[in-house]
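Beneath this line is the structure, given in structure tokens, with notes to follow.
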Amino acid sequence: IQDAHLSCQSPTKWNSVSSADSPEKSASGAGTGNLPFQFCLQQALRMKAAGILTLIGCLVTGAESKIYTRCKLAKIFSRAGLDNYWGFSLGNWICMAYYESGYNTTAQRVLDDGSIDYGIFQINSFTWCRHGKLQENNHCHVACSALITDDLTDAIICARRIVKETQGMNYWQGWKKHCEGRDLSDWKKGCEVS
């Protein structure tokens with residue numbers, strides 16, 4: 001029996017176990033010749049399930065959120081041409097991103113109307129991006145899932161479009177409440193951006 005439970009690869013070892021010693025008996029008490037194979041199949045399926053769960057765990061871990069630092073974002077935003085885009089300083093963009101998402105690339109907020117705000121800029125699914133099969137406007141022509149990645153390209157392009165189409169940054173409540181009309185020069189201070 002000890003050899004049998006150690007190696008499912010050799011079912012012939014199961015055959016050497018007498019039916020009296022075998023824990024695999026049918027309800028009537030008689031041993032069944034198929035049970036060692038069934039046991040091995042069950043073990044293999046359990047191992048496969050464990051492997052799949054491990055793979056899913058790795059994928060979930062790989063999709064962890066990235067929370068940028070203020071200076072890293074200042075550099076990314078500067079390179080993307082956000083400084084003075086539509087007259088809004090780099091400080092406006094950094095401040096807005098902080099109050100909208102805490103610089104978290106995978107931030108998501110479900111609103112009362114059922115729509116979802118996505119990513120570092122909290123861009124809404126109803127108007128600006130495509131989420132599933134809902135009837136959204138998708139003005140940015142982008143999947144909402146593209147707004148919650150570490151690559152901020154789609155999020156920045158969409159944010160620029162929002163500023164252009166709405167003629168300002170009033171779309172973002174965090175910006176209106178915490179950034180609008182304030183001296184925002186400290187937001188890029190020490191970040192080695194011009």
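Just remember, in the structure tokens the first chain shown is A, the second B, etc., residues are 1-based per chain, and ligands are 1-based in the order shown.
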Contacts of Gly174 of chain A at 7 Å or less, counting only C-alpha atoms, minus same-chain residues fewer than 6 places along, as a short mmCIF file (atom, residue, chain, number, x, y, z; two decimals) with N, CA, C and O atoms, in the first residue's frame?
```cif
data_model
loop_
_atom_site.label_atom_id
_atom_site.label_comp_id
_atom_site.auth_asym_id
_atom_site.auth_seq_id
_atom_site.Cartn_x
_atom_site.Cartn_y
_atom_site.Cartn_z
N MET A 96 -4.28 66.99 -9.81
CA MET A 96 -5.52 66.31 -10.18
C MET A 96 -5.38 64.79 -10.05
O MET A 96 -6.24 64.12 -9.47
N TYR A 99 -5.49 63.72 -6.34
CA TYR A 99 -6.80 63.76 -5.69
C TYR A 99 -7.83 62.86 -6.36
O TYR A 99 -8.83 62.50 -5.74
N GLU A 100 -7.59 62.47 -7.58
CA GLU A 100 -8.51 61.55 -8.24
C GLU A 100 -8.20 60.09 -7.88
O GLU A 100 -9.10 59.30 -7.64
#
```
Review point. By how many Å are atom CA of Asp150 of chain A and atom CA of Arg79 of chain A apart?
Key: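 Computing it gives 15.7 Å between the two atoms.
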May I have the residues within 12 Å of Asn124 of chain A as an mmCIF file with N, CA and C atoms, in the first residue's frame, using only C-alpha atoms and disregarding those fewer than 6 positions away in the same chain?
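The new file around_16.cif reads:
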```cif
data_model
loop_
_atom_site.group_PDB
_atom_site.id
_atom_site.type_symbol
_atom_site.label_atom_id
_atom_site.label_comp_id
_atom_site.auth_asym_id
_atom_site.auth_seq_id
_atom_site.Cartn_x
_atom_site.Cartn_y
_atom_site.Cartn_z
ATOM 1 N N GLU A 100 -7.592 62.474 -7.580
ATOM 2 C CA GLU A 100 -8.510 61.545 -8.242
ATOM 3 C C GLU A 100 -8.201 60.093 -7.884
ATOM 4 N N ALA A 107 -6.833 52.266 -9.946
ATOM 5 C CA ALA A 107 -7.950 52.763 -9.136
ATOM 6 C C ALA A 107 -9.246 52.674 -9.937
ATOM 7 N N GLN A 108 -10.302 52.210 -9.263
ATOM 8 C CA GLN A 108 -11.622 52.124 -9.880
ATOM 9 C C GLN A 108 -12.657 52.521 -8.836
ATOM 10 N N ARG A 109 -13.652 53.277 -9.285
ATOM 11 C CA ARG A 109 -14.712 53.712 -8.376
ATOM 12 C C ARG A 109 -16.047 53.527 -9.096
ATOM 13 N N VAL A 110 -16.952 52.765 -8.485
ATOM 14 C CA VAL A 110 -18.283 52.553 -9.047
ATOM 15 C C VAL A 110 -19.174 53.696 -8.562
ATOM 16 N N LEU A 111 -19.828 54.347 -9.504
ATOM 17 C CA LEU A 111 -20.686 55.485 -9.179
ATOM 18 C C LEU A 111 -22.137 55.042 -9.016
ATOM 19 N N ASP A 113 -24.733 55.773 -10.618
ATOM 20 C CA ASP A 113 -25.440 55.463 -11.868
ATOM 21 C C ASP A 113 -24.989 54.148 -12.498
ATOM 22 N N GLY A 114 -24.046 53.443 -11.844
ATOM 23 C CA GLY A 114 -23.561 52.157 -12.346
ATOM 24 C C GLY A 114 -22.331 52.263 -13.223
ATOM 25 N N SER A 115 -21.970 53.476 -13.612
ATOM 26 C CA SER A 115 -20.749 53.650 -14.405
ATOM 27 C C SER A 115 -19.542 53.547 -13.477
ATOM 28 N N ILE A 116 -18.369 53.422 -14.079
ATOM 29 C CA ILE A 116 -17.147 53.235 -13.298
ATOM 30 C C ILE A 116 -16.100 54.235 -13.754
ATOM 31 N N ASP A 117 -15.423 54.839 -12.784
ATOM 32 C CA ASP A 117 -14.276 55.700 -13.066
ATOM 33 C C ASP A 117 -13.022 54.844 -13.019
ATOM 34 N N TYR A 118 -12.134 55.011 -14.021
ATOM 35 C CA TYR A 118 -10.975 54.139 -14.185
ATOM 36 C C TYR A 118 -9.644 54.883 -14.155
ATOM 37 N N ARG A 130 -14.931 52.284 -23.234
ATOM 38 C CA ARG A 130 -15.839 51.150 -23.474
ATOM 39 C C ARG A 130 -15.644 50.104 -22.377
ATOM 40 N N HIS A 131 -16.728 49.792 -21.690
ATOM 41 C CA HIS A 131 -16.709 48.769 -20.643
ATOM 42 C C HIS A 131 -17.755 47.722 -20.982
ATOM 43 N N GLU A 136 -22.127 52.763 -23.976
ATOM 44 C CA GLU A 136 -21.370 53.947 -23.603
ATOM 45 C C GLU A 136 -21.095 54.784 -24.835
ATOM 46 N N ASN A 137 -20.709 56.029 -24.590
ATOM 47 C CA ASN A 137 -20.384 56.932 -25.687
ATOM 48 C C ASN A 137 -18.971 56.694 -26.209
ATOM 49 N N ASN A 138 -18.033 56.331 -25.340
ATOM 50 C CA ASN A 138 -16.656 55.986 -25.700
ATOM 51 C C ASN A 138 -15.985 57.060 -26.565
ATOM 52 N N HIS A 139 -16.018 58.292 -26.094
ATOM 53 C CA HIS A 139 -15.420 59.407 -26.830
ATOM 54 C C HIS A 139 -13.918 59.230 -27.041
ATOM 55 N N CYS A 140 -13.259 58.496 -26.166
ATOM 56 C CA CYS A 140 -11.807 58.292 -26.311
ATOM 57 C C CYS A 140 -11.472 57.103 -27.213
ATOM 58 N N VAL A 142 -11.480 53.868 -26.649
ATOM 59 C CA VAL A 142 -10.553 52.998 -25.931
ATOM 60 C C VAL A 142 -11.336 52.111 -24.970
ATOM 61 N N ALA A 143 -10.825 50.913 -24.745
ATOM 62 C CA ALA A 143 -11.406 50.034 -23.723
ATOM 63 C C ALA A 143 -11.051 50.592 -22.348
ATOM 64 N N CYS A 144 -11.977 50.537 -21.425
ATOM 65 C CA CYS A 144 -11.712 51.030 -20.072
ATOM 66 C C CYS A 144 -10.531 50.296 -19.442
ATOM 67 N N SER A 145 -10.368 49.023 -19.783
ATOM 68 C CA SER A 145 -9.260 48.240 -19.215
ATOM 69 C C SER A 145 -7.904 48.803 -19.614
ATOM 70 N N LEU A 147 -7.148 51.802 -19.484
ATOM 71 C CA LEU A 147 -6.899 52.958 -18.620
ATOM 72 C C LEU A 147 -6.406 52.563 -17.239
ATOM 73 N N ILE A 148 -6.284 51.265 -16.999
ATOM 74 C CA ILE A 148 -5.843 50.811 -15.673
ATOM 75 C C ILE A 148 -4.580 49.964 -15.773
ATOM 76 N N ALA A 155 -4.397 56.522 -21.127
ATOM 77 C CA ALA A 155 -5.007 57.389 -20.117
ATOM 78 C C ALA A 155 -4.674 58.856 -20.401
ATOM 79 N N CYS A 158 -6.569 60.084 -23.504
ATOM 80 C CA CYS A 158 -7.972 60.289 -23.164
ATOM 81 C C CYS A 158 -8.138 61.537 -22.293
ATOM 82 N N ALA A 159 -7.264 61.741 -21.330
ATOM 83 C CA ALA A 159 -7.345 62.925 -20.466
ATOM 84 C C ALA A 159 -7.191 64.207 -21.290
ATOM 85 N N ILE A 162 -10.440 64.795 -22.976
ATOM 86 C CA ILE A 162 -11.436 65.308 -22.031
ATOM 87 C C ILE A 162 -11.254 66.811 -21.841
ATOM 88 N N TYR A 171 -14.045 68.730 -15.392
ATOM 89 C CA TYR A 171 -14.553 67.359 -15.387
ATOM 90 C C TYR A 171 -14.160 66.640 -14.099
ATOM 91 N N TRP A 172 -12.976 66.939 -13.584
ATOM 92 C CA TRP A 172 -12.441 66.244 -12.413
ATOM 93 C C TRP A 172 -12.795 66.989 -11.127
#
```
Check your understanding: In Å, how far is it from atom CA of Lys188 of chain A to atom CA of Leu73 of chain A?
Key -> 9.3 Å
